[in-house]
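Engineer: Next comes the structure file run.txt, holding compact mmCIF, C-alpha atoms.
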# COMPACT_ATOMS: atom_id res chain seq x y z
CA MET P 85 -11.20 -54.15 45.82
CA LEU P 86 -13.78 -53.86 43.10
CA ILE P 87 -15.39 -50.92 44.87
CA PHE P 88 -12.01 -49.29 45.30
CA TRP P 89 -11.30 -49.53 41.59
CA GLU P 90 -14.72 -48.33 40.75
CA SER P 91 -14.27 -45.26 42.90
CA ARG P 92 -10.82 -44.68 41.44
CA LEU P 93 -12.23 -44.90 37.97
CA ARG P 94 -14.97 -42.57 38.96
CA ARG P 95 -12.43 -40.22 40.40
CA ILE P 96 -10.44 -40.21 37.18
CA ALA P 97 -13.62 -39.78 35.23
CA MET P 98 -14.64 -36.96 37.49
CA PHE P 99 -11.26 -35.31 37.15
CA ILE P 100 -11.58 -35.46 33.39
CA ALA P 101 -15.14 -34.22 33.61
CA VAL P 102 -14.15 -31.27 35.80
CA ILE P 103 -11.26 -30.36 33.52
CA GLY P 104 -13.54 -30.77 30.54
CA PHE P 105 -16.10 -28.54 32.17
CA LEU P 106 -13.55 -25.85 32.93
CA ILE P 107 -12.00 -25.73 29.48
CA VAL P 108 -15.25 -25.83 27.51
CA PRO P 109 -14.67 -22.89 25.17
CA ASN P 110 -16.85 -19.90 25.66
CA SER P 111 -18.32 -19.69 22.20
CA GLN P 112 -20.13 -16.43 22.82
CA ALA P 113 -18.70 -13.74 20.59
CA ARG P 114 -17.30 -10.85 22.61
CA SER P 115 -14.45 -9.35 20.65
CA GLU P 116 -15.05 -5.95 19.11
CA TYR P 117 -16.71 -6.14 15.69
CA GLY P 118 -14.12 -5.93 12.91
CA ASP P 119 -11.08 -6.89 15.02
CA VAL P 120 -8.63 -8.95 12.93
CA VAL P 121 -6.25 -11.44 14.53
CA ILE P 122 -3.17 -12.05 12.36
CA ASN P 123 -1.34 -15.21 13.31
CA ASN P 124 0.38 -16.67 10.26
CA TYR P 125 3.80 -16.61 11.91
CA SER P 126 3.50 -15.12 15.41
CA ASP P 127 2.64 -18.24 17.42
CA ASP P 128 5.40 -20.24 15.73
CA ALA P 129 7.88 -17.44 16.39
CA GLY P 130 6.95 -17.32 20.08
CA MET P 131 5.21 -13.93 19.83
CA ARG P 132 1.62 -13.26 20.81
CA PRO P 133 -0.64 -12.99 17.72
CA VAL P 134 -1.31 -9.50 16.34
CA VAL P 135 -4.70 -7.86 16.93
CA PHE P 136 -5.65 -5.18 14.40
CA PRO P 137 -8.63 -2.99 15.48
CA HIS P 138 -10.62 -1.72 12.47
CA TRP P 139 -12.81 0.57 14.58
CA PHE P 140 -9.78 2.44 15.91
CA HIS P 141 -8.20 2.95 12.50
CA ARG P 142 -11.38 3.86 10.61
CA ILE P 143 -11.92 6.80 12.95
CA ARG P 144 -8.58 8.08 11.60
CA PHE P 145 -8.42 6.78 8.00
CA ARG P 146 -10.79 5.94 5.14
CA CYS P 147 -10.79 2.30 4.08
CA LYS P 148 -9.10 3.16 0.80
CA VAL P 149 -5.93 4.42 2.50
CA CYS P 150 -5.08 0.88 3.57
CA HIS P 151 -7.01 -1.18 1.06
CA SER P 152 -6.11 0.79 -2.04
CA ASP P 153 -3.06 3.04 -1.40
CA LEU P 154 -1.20 0.60 0.87
CA GLY P 155 -2.46 -2.54 -0.84
CA PHE P 156 -3.95 -4.55 2.04
CA GLU P 157 -6.12 -7.30 0.50
CA PHE P 158 -9.64 -7.80 1.92
CA LYS P 159 -8.65 -11.05 3.58
CA ALA P 160 -7.58 -11.73 7.15
CA GLY P 161 -4.14 -13.32 6.97
CA GLY P 162 -4.06 -12.85 3.21
CA ASN P 163 -1.19 -10.36 3.07
CA ASP P 164 1.87 -12.29 4.20
CA ILE P 165 3.02 -9.55 6.57
CA THR P 166 6.44 -10.01 8.21
CA MET P 167 8.48 -7.80 10.54
CA LEU P 168 11.07 -7.23 7.83
CA LYS P 169 8.42 -5.77 5.51
CA ILE P 170 7.13 -3.62 8.39
CA PHE P 171 10.62 -2.26 9.15
CA ASP P 172 10.94 -1.51 5.42
CA GLY P 173 7.83 0.65 5.54
CA GLU P 174 5.30 -1.75 4.06
CA TYR P 175 1.91 -2.66 5.57
CA CYS P 176 1.65 -1.50 9.22
CA GLY P 177 5.12 0.02 8.76
CA ALA P 178 3.75 2.63 6.34
CA CYS P 179 2.38 4.44 9.42
CA HIS P 180 3.94 2.86 12.50
CA ASN P 181 7.24 4.53 11.66
CA ASP P 182 7.62 7.29 14.27
CA GLU P 183 6.28 9.85 11.80
CA ILE P 184 2.57 9.14 11.45
CA ALA P 185 2.19 6.89 14.50
CA TRP P 186 4.33 5.27 17.19
CA SER P 187 7.08 3.05 15.91
CA VAL P 188 7.61 -0.71 15.75
CA GLU P 189 9.59 -1.06 18.97
CA ASN P 190 6.25 -1.06 20.83
CA CYS P 191 5.94 -4.79 20.22
CA SER P 192 3.30 -5.42 22.87
CA LEU P 193 0.77 -2.93 21.47
CA CYS P 194 0.41 -4.96 18.25
CA HIS P 195 1.36 -8.40 19.57
CA SER P 196 -1.38 -8.35 22.20
CA GLY P 197 -3.48 -11.41 21.27
CA LYS P 198 -4.07 -14.49 23.38
CA PRO P 199 -1.59 -17.16 22.24
CA GLY P 200 -3.28 -19.66 19.94
CA THR P 201 -6.02 -17.32 18.69
CA PRO P 202 -6.58 -18.19 15.02
CA THR P 203 -6.08 -15.80 12.09
CA GLN P 204 -9.56 -14.52 11.42
CA ILE P 205 -11.82 -11.51 11.44
CA HIS P 206 -13.52 -12.21 14.76
CA ASN P 207 -17.16 -11.69 15.66
CA SER P 208 -18.26 -11.63 12.00
CA THR P 209 -21.75 -12.61 10.85
CA ILE P 210 -20.39 -16.04 9.84
CA ASP P 211 -18.93 -16.44 13.35
CA ARG P 212 -22.34 -15.71 14.80
CA LEU P 213 -24.29 -18.20 12.67
CA VAL P 214 -25.83 -20.95 14.79
CA ILE P 215 -24.58 -23.50 12.29
CA PRO P 216 -21.25 -22.38 10.88
CA PRO P 217 -20.75 -23.17 7.18
CA GLY P 218 -19.36 -26.67 6.68
CA VAL P 219 -20.77 -27.99 9.95
CA THR P 220 -24.04 -29.89 9.93
CA GLY P 221 -26.48 -30.18 12.83
CA GLN P 222 -26.40 -33.34 14.95
CA MET G 132 -12.10 -50.71 60.94
CA ASN G 133 -10.83 -47.11 60.84
CA ARG G 134 -9.67 -47.54 57.30
CA ARG G 135 -13.07 -48.82 56.35
CA ILE G 136 -14.87 -45.80 57.78
CA ILE G 137 -12.51 -43.39 56.10
CA LEU G 138 -12.92 -45.28 52.86
CA THR G 139 -16.69 -45.18 53.12
CA ILE G 140 -16.67 -41.49 53.89
CA CYS G 141 -14.38 -40.80 50.98
CA LEU G 142 -16.49 -42.95 48.76
CA SER G 143 -19.75 -41.30 49.68
CA ALA G 144 -18.19 -37.89 49.29
CA LEU G 145 -17.01 -38.91 45.88
CA LEU G 146 -20.36 -40.35 44.93
CA PHE G 147 -22.12 -37.24 46.19
CA GLY G 148 -19.75 -35.06 44.25
CA SER G 149 -20.07 -36.98 41.06
CA GLY G 150 -23.82 -37.14 41.54
CA MET G 151 -23.96 -33.38 41.81
CA LEU G 152 -21.78 -33.15 38.79
CA GLN G 153 -24.03 -35.48 36.87
CA LEU G 154 -26.93 -33.27 37.88
CA SER G 155 -25.27 -30.19 36.52
CA PHE G 156 -24.36 -32.08 33.37
CA ALA G 157 -27.93 -33.28 33.10
CA ALA G 158 -28.98 -29.64 33.02
CA GLU G 159 -26.44 -29.05 30.24
CA ASP G 160 -27.76 -31.98 28.25
CA ASP G 161 -31.43 -31.34 28.89
CA ALA G 162 -33.11 -32.15 25.59
CA ASN G 163 -35.81 -29.59 26.26
CA LYS G 164 -33.83 -26.76 27.70
CA PHE G 165 -35.19 -23.35 26.80
CA ASN G 166 -32.39 -22.15 24.49
CA ARG G 167 -31.15 -25.14 22.55
CA LEU G 168 -28.97 -23.29 20.02
CA PHE G 169 -29.08 -19.62 20.99
CA LYS G 170 -25.95 -18.75 22.95
CA GLY G 171 -27.28 -15.62 24.58
CA ALA G 172 -27.26 -12.03 23.52
CA ASN G 173 -23.99 -10.74 22.11
CA LYS G 174 -21.87 -8.72 24.50
CA PHE G 175 -20.36 -5.74 22.77
CA ASN G 176 -17.86 -2.89 23.17
CA LEU G 177 -15.99 -4.74 25.93
CA PRO G 178 -12.55 -3.39 26.93
CA PRO G 179 -9.67 -5.23 25.20
CA TRP G 180 -8.69 -7.15 28.34
CA GLU G 181 -12.16 -8.72 28.55
CA ASP G 182 -12.90 -9.25 24.86
CA GLY G 183 -11.61 -12.83 24.62
CA ILE G 184 -8.97 -12.25 21.92
CA HIS G 185 -6.55 -9.89 23.72
CA ASP G 186 -4.20 -11.37 26.30
CA PRO G 187 -4.91 -9.62 29.63
CA ASP G 188 -1.37 -10.56 30.74
CA ASP G 189 0.17 -8.47 27.95
CA ILE G 190 1.23 -5.01 29.14
CA GLY G 191 0.29 -3.54 25.76
CA THR G 192 -3.31 -4.71 26.13
CA LEU G 193 -3.81 -2.49 29.16
CA SER G 194 -2.61 0.57 27.22
CA LEU G 195 -5.11 0.14 24.40
CA GLN G 196 -8.15 2.38 24.12
CA THR G 197 -11.53 0.92 25.07
CA PRO G 198 -14.16 1.06 22.31
CA LYS G 199 -16.73 2.50 24.75
CA LYS G 200 -14.57 5.55 25.39
CA ALA G 201 -14.00 6.18 21.68
CA PHE G 202 -17.67 5.68 20.77
CA GLU G 203 -19.11 7.91 23.54
CA SER G 204 -19.43 10.95 21.29
CA LEU G 205 -20.46 9.07 18.10
CA PRO G 206 -24.02 8.45 16.86
CA LYS G 207 -25.34 5.02 17.82
CA SER G 208 -26.67 2.13 15.72
CA ARG G 209 -28.00 -1.34 16.48
CA GLY G 210 -25.41 -3.65 15.00
CA GLY G 211 -21.67 -4.24 14.73
CA ASN G 212 -19.68 -1.62 16.62
CA ARG G 213 -23.03 -0.01 17.60
CA VAL G 214 -21.78 3.12 15.84
CA ASP G 215 -23.60 4.68 12.89
CA TRP G 216 -20.49 5.26 10.77
CA VAL G 217 -22.46 6.92 7.95
CA LYS G 218 -23.85 9.57 10.29
CA ALA G 219 -20.56 9.94 12.15
CA LEU G 220 -18.83 10.85 8.90
CA ASN G 221 -21.60 13.08 7.56
CA ASN G 222 -21.98 14.95 10.88
CA GLY G 223 -18.24 15.50 11.00
CA ASP G 224 -17.96 13.63 14.32
CA ILE G 225 -15.00 11.86 12.74
CA ASN G 226 -12.72 13.16 10.04
CA PRO G 227 -10.78 10.17 8.73
CA ARG G 228 -7.81 10.97 6.51
CA THR G 229 -7.96 10.32 2.78
CA SER G 230 -4.26 9.43 2.64
CA SER G 231 -1.87 8.10 5.25
CA TYR G 232 -0.09 11.45 5.75
CA ASP G 233 -2.81 14.13 5.47
CA ASN G 234 -6.37 14.94 4.58
CA THR G 235 -6.03 17.24 1.58
CA LYS G 236 -6.85 14.72 -1.15
CA LYS G 237 -10.55 14.60 -2.02
CA MET G 238 -12.44 11.34 -2.41
CA THR G 239 -14.02 10.73 -5.82
CA VAL G 240 -17.65 10.58 -4.78
CA LEU G 241 -20.11 9.03 -7.22
CA ASP G 242 -23.75 9.89 -6.61
CA LEU G 243 -25.39 6.90 -8.23
CA ASN G 244 -27.95 4.65 -6.59
CA ILE G 245 -28.40 1.20 -8.02
CA ILE G 246 -31.69 -0.50 -7.36
CA ARG G 247 -31.70 -4.25 -7.48
CA GLN G 248 -35.08 -5.90 -7.73
CA VAL G 249 -35.27 -8.67 -5.18
CA LYS G 250 -37.03 -11.96 -5.72
CA GLY G 251 -40.03 -12.51 -3.49
CA THR G 252 -41.59 -10.00 -1.14
CA MET G 253 -38.44 -8.56 0.47
CA PRO G 254 -38.05 -4.85 -0.25
CA ASP G 255 -35.69 -4.07 -3.15
CA VAL G 256 -32.03 -3.37 -2.45
CA VAL G 257 -30.80 0.18 -2.94
CA TYR G 258 -27.05 0.25 -3.32
CA PRO G 259 -25.76 3.81 -2.71
CA HIS G 260 -22.50 4.64 -4.50
CA ASP G 261 -22.16 7.96 -2.65
CA ILE G 262 -21.93 6.49 0.87
CA HIS G 263 -19.44 3.89 -0.31
CA THR G 264 -17.21 6.22 -2.31
CA GLN G 265 -16.78 8.45 0.74
CA TRP G 266 -14.83 5.56 2.27
CA LEU G 267 -13.65 3.52 -0.69
CA ASP G 268 -12.00 3.85 -4.11
CA CYS G 269 -13.70 2.56 -7.25
CA LYS G 270 -10.94 -0.01 -7.55
CA ASN G 271 -11.75 -1.49 -4.14
CA CYS G 272 -14.88 -2.93 -5.78
CA HIS G 273 -14.42 -2.68 -9.56
CA PRO G 274 -13.83 -4.98 -11.29
CA LYS G 275 -12.71 -7.54 -8.69
CA LEU G 276 -15.85 -7.69 -6.54
CA PHE G 277 -18.39 -6.27 -9.02
CA THR G 278 -18.29 -5.86 -12.80
CA PRO G 279 -19.31 -2.21 -13.27
CA LYS G 280 -22.25 -3.02 -15.49
CA LYS G 281 -25.80 -2.99 -14.29
CA GLY G 282 -27.25 -6.41 -13.64
CA SER G 283 -24.10 -8.23 -14.69
CA ASN G 284 -23.40 -9.50 -11.19
CA ASN G 285 -25.38 -12.49 -10.07
CA ILE G 286 -25.81 -11.56 -6.40
CA SER G 287 -27.90 -13.62 -4.01
CA MET G 288 -28.47 -13.49 -0.27
CA ALA G 289 -26.86 -16.91 0.15
CA SER G 290 -23.62 -15.79 -1.48
CA ILE G 291 -23.62 -12.59 0.63
CA LEU G 292 -23.97 -14.66 3.80
CA MET G 293 -21.02 -16.76 2.67
CA GLY G 294 -18.88 -13.62 2.44
CA GLN G 295 -19.08 -12.82 -1.28
CA TYR G 296 -20.20 -9.60 -3.02
CA CYS G 297 -21.64 -7.21 -0.40
CA GLY G 298 -20.64 -9.81 2.21
CA VAL G 299 -16.96 -9.11 1.63
CA CYS G 300 -17.40 -6.05 3.89
CA HIS G 301 -20.89 -6.30 5.40
CA GLY G 302 -20.87 -8.76 8.26
CA LYS G 303 -17.16 -8.13 8.85
CA VAL G 304 -16.26 -4.45 9.05
CA ALA G 305 -19.20 -2.48 7.61
CA PHE G 306 -22.60 -2.92 9.34
CA PRO G 307 -23.60 -6.58 9.81
CA LEU G 308 -26.11 -8.60 7.80
CA SER G 309 -28.61 -8.61 10.66
CA GLU G 310 -29.55 -5.06 9.59
CA CYS G 311 -31.70 -6.22 6.65
CA ARG G 312 -33.52 -2.94 6.25
CA LEU G 313 -30.45 -0.83 5.63
CA CYS G 314 -29.98 -2.69 2.32
CA HIS G 315 -33.55 -3.79 1.64
CA SER G 316 -34.82 -0.24 1.87
CA LYS G 317 -37.15 0.24 -1.11
CA LYS G 318 -40.57 -1.19 -0.39
CA LYS G 319 -42.22 -2.97 -3.29
CA THR G 320 -45.13 -1.08 -4.79
CA LYS G 321 -48.65 -2.46 -4.72
CA ALA G 322 -48.39 -3.13 -8.43
CA GLU G 323 -45.25 -5.17 -7.97
CA LEU G 324 -46.80 -7.23 -5.21
CA GLU G 325 -49.84 -7.76 -7.45
CA GLN G 326 -47.52 -8.96 -10.17
CA LEU G 327 -45.95 -11.40 -7.74
CA LYS G 328 -49.39 -12.84 -7.03
CA LEU G 329 -50.09 -13.00 -10.74
CA LYS G 330 -46.86 -14.83 -11.25
CA ARG G 331 -47.84 -17.31 -8.60
CA SER G 332 -51.16 -18.08 -10.21
CA GLU G 333 -49.50 -18.28 -13.64
CA ARG G 334 -47.13 -20.80 -12.25
CA LYS G 335 -49.91 -22.85 -10.73
CA LYS G 336 -51.64 -23.00 -14.10
CA SER G 337 -48.54 -24.04 -15.99
CA SER G 338 -46.83 -26.02 -13.30
CA LYS G 339 -46.21 -28.88 -15.71
CA THR G 340 -44.14 -26.89 -18.18
CA LEU G 341 -42.09 -25.07 -15.58
CA PRO G 342 -39.39 -26.65 -13.48
CA ASP G 343 -39.86 -26.63 -9.73
CA LYS G 344 -39.02 -23.39 -8.00
CA GLN G 345 -37.75 -23.51 -4.48
CA SER G 346 -37.07 -20.80 -1.99
CA SER G 347 -34.04 -18.99 -3.32
CA ILE G 348 -32.26 -18.70 0.03
CA GLY G 349 -29.66 -21.41 -0.12
CA MET G 350 -29.66 -21.49 -3.91
CA VAL G 351 -26.74 -19.66 -5.36
CA GLU G 352 -27.64 -19.89 -9.05
CA ASP G 353 -29.96 -17.42 -10.66
CA HIS G 354 -33.59 -18.26 -11.22
CA ARG G 355 -33.65 -16.61 -14.60
CA LYS G 356 -31.54 -19.38 -16.00
CA VAL G 357 -34.20 -21.89 -15.04
CA VAL G 358 -36.74 -20.40 -17.41
CA PRO G 359 -36.68 -22.62 -20.52
CA ASP G 360 -36.05 -21.19 -24.01
CA GLY G 361 -39.10 -20.42 -26.07
CA TYR G 362 -41.12 -19.76 -22.98
CA ALA G 363 -40.58 -16.03 -23.25
CA GLU G 364 -43.51 -15.19 -25.52
CA THR G 365 -46.09 -17.00 -23.43
CA ALA G 366 -44.90 -15.77 -20.05
CA MET G 367 -44.12 -12.08 -20.34
CA PRO G 368 -45.19 -11.06 -16.83
CA LEU G 369 -43.17 -13.89 -15.41
CA LEU G 370 -40.01 -12.89 -17.21
CA GLN G 371 -40.42 -9.33 -16.06
CA VAL G 372 -40.27 -10.44 -12.48
CA TYR G 373 -37.33 -12.67 -13.25
CA SER G 374 -35.25 -10.04 -14.98
CA ASN G 375 -33.08 -8.23 -12.47
CA ASP G 376 -33.04 -4.90 -14.24
CA VAL G 377 -30.99 -2.23 -12.56
CA ASN G 378 -32.45 1.25 -12.52
CA ILE G 379 -30.30 4.30 -12.41
CA ALA G 380 -31.91 6.58 -9.88
CA ALA G 381 -29.41 9.35 -9.56
CA VAL G 382 -26.71 11.17 -11.42
CA ILE G 383 -22.98 11.36 -11.12
CA THR G 384 -21.10 14.14 -9.46
CA ASN G 385 -17.36 14.04 -9.54
CA GLU G 386 -16.19 16.32 -6.79
CA GLY G 387 -12.75 14.78 -6.58
CA ASN G 388 -9.62 15.58 -8.52
CA THR G 389 -9.11 14.04 -11.92
CA SER G 390 -5.38 13.66 -11.92
CA GLY G 391 -2.69 11.51 -10.37
CA ASP G 392 -3.82 8.40 -8.54
CA ASN G 393 -7.44 9.01 -9.36
CA ALA G 394 -7.00 9.22 -13.13
CA GLU G 395 -8.20 5.65 -13.49
CA ASP G 396 -11.34 6.47 -11.53
CA ALA G 397 -11.92 9.58 -13.59
CA ILE G 398 -11.89 7.62 -16.82
CA LEU G 399 -14.46 5.29 -15.38
CA VAL G 400 -16.63 8.21 -14.37
CA ASP G 401 -16.30 9.74 -17.86
CA ASP G 402 -17.35 6.43 -19.36
CA MET G 403 -20.40 6.59 -17.16
CA VAL G 404 -21.34 10.05 -18.35
CA THR G 405 -21.08 9.04 -22.00
CA ALA G 406 -22.92 5.83 -21.31
CA LYS G 407 -25.77 7.82 -19.83
CA GLN G 408 -26.08 10.29 -22.70
Would you put the structure from the file into structure tokens?

Structural biologist:
Amino acid sequence: MLIFWESRLRRIAMFIAVIGFLIVPNSQARSEYGDVVINNYSDDAGMRPVVFPHWFHRIRFRCKVCHSDLGFEFKAGGNDITMLKIFDGEYCGACHNDEIAWSVENCSLCHSGKPGTPTQIHNSTIDRLVIPPGVTGQ
Amino acid sequence: MNRRIILTICLSALLFGSGMLQLSFAAEDDANKFNRLFKGANKFNLPPWEDGIHDPDDIGTLSLQTPKKAFESLPKSRGGNRVDWVKALNNGDINPRTSSYDNTKKMTVLDLNIIRQVKGTMPDVVYPHDIHTQWLDCKNCHPKLFTPKKGSNNISMASILMGQYCGVCHGKVAFPLSECRLCHSKKKTKAELEQLKLKRSERKKSSKTLPDKQSSIGMVEDHRKVVPDGYAETAMPLLQVYSNDVNIAAVITNEGNTSGDNAEDAILVDDMVTAKQ
């Protein structure tokens, strides 16, 4: 009986271990440099988070078009963007309006992030630090 | 009897399995494994469906452009997107718009290099206004990120790494901080290095009157403030090294328009011209 329980425990432990092994996050940065995930509201609203590619847009626009003319602050998630504002021509809606670029009904092109991905500029130098700020070794 | 055999077989299989697992975990936990902290070289320019932040199950993801395809014809660099954006713009490989609707508006380009003397032996930092003002407006940086007055910003490498000053953009969208030499591009002269040595020996001699100096990486406050009052007369060479004087190395050219949205910028540029005269 004792052996049986031991093996059962071991089995449970092993199960946990295997699951643990499989879901260990892959901490290696792979996303394209400068990609911003915006997820202030999306997850809660049942939409995939938004991925904004800087590299794609900077081939087409100078930084100042968005960060000066259109008023995007230099802070991931710092702009309180909502769909209503976009429909009204603010933020992404200043261009994704069927005049300069494809329009907002293409939900899945913007809302293309993995659910649960945090609001952040991914693959930044701070991301890549061996010891992220605020975390101590050991 | 049968049950016992089956049980034993199951048990040994389990034990074997868990043993193997422990082995593989032992390798994970190996105190002396070769790379203790390094997570392997960065993979870059992966297609969206493999990049870890896009959902491969989203139909939109599959319609997005891959960075590799877009970057094929652009000049290469070592960090970030692996694209040399400065060259790409100057060569005309890309022609990004200056407003959302067209490309007729001219950028207000300011040709003014600012040299910041760097503590220690690292080459001095040359900050080029011209490269930046081809992408950015004055008001993207002034006065929120930098007071437009030479030497009035107390910049250190530690604060840049934490995402302040130059680190607002560099390390996030503009080339990453691993490319030290792009910023630290002006080698110190022999005389300056000599002065550094002199400073060191001065400090050794007067180590009792001077507070302890540590390596400045990790220290956000400025060293100049640590020099006590009344010390100035006796330690001229020292103060020279401590003072972060900014040298103006180039002149202004205003090739942009001076009306409309840019009026604010133009006033700033005019101020500059009068300030220089």

Engineer: Determine which residues of chain G sit within 8 Å of chain P, taking into account only C-alpha atoms, and present them as a ChimeraX atom specification.

Structural biologist: /G:142,145,149,168-171,173-177,179,182-187,189-192,194-195,198,211-212,225-232,265-268,270-271,292-294,299,302-304,307-309

Engineer: For CA of Ala289 (chain G) and CA of Lys317 (chain G), determine how far apart the two atoms are, in Å to one decimal place.

Structural biologist: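 A separation of 20.0 Å between them.
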
Engineer: Just to confirm, what's the straight-line distance from CA of Asn123 (chain P) to CA of Gln204 (chain P) in Å (one decimal)?

Structural biologist: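 A separation of 8.5 Å between them.
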
Engineer: One decimal, in Å: what's the spacing between CA of Lys319 (chain G) and CA of Pro254 (chain G)?

Structural biologist: 5.5 Å
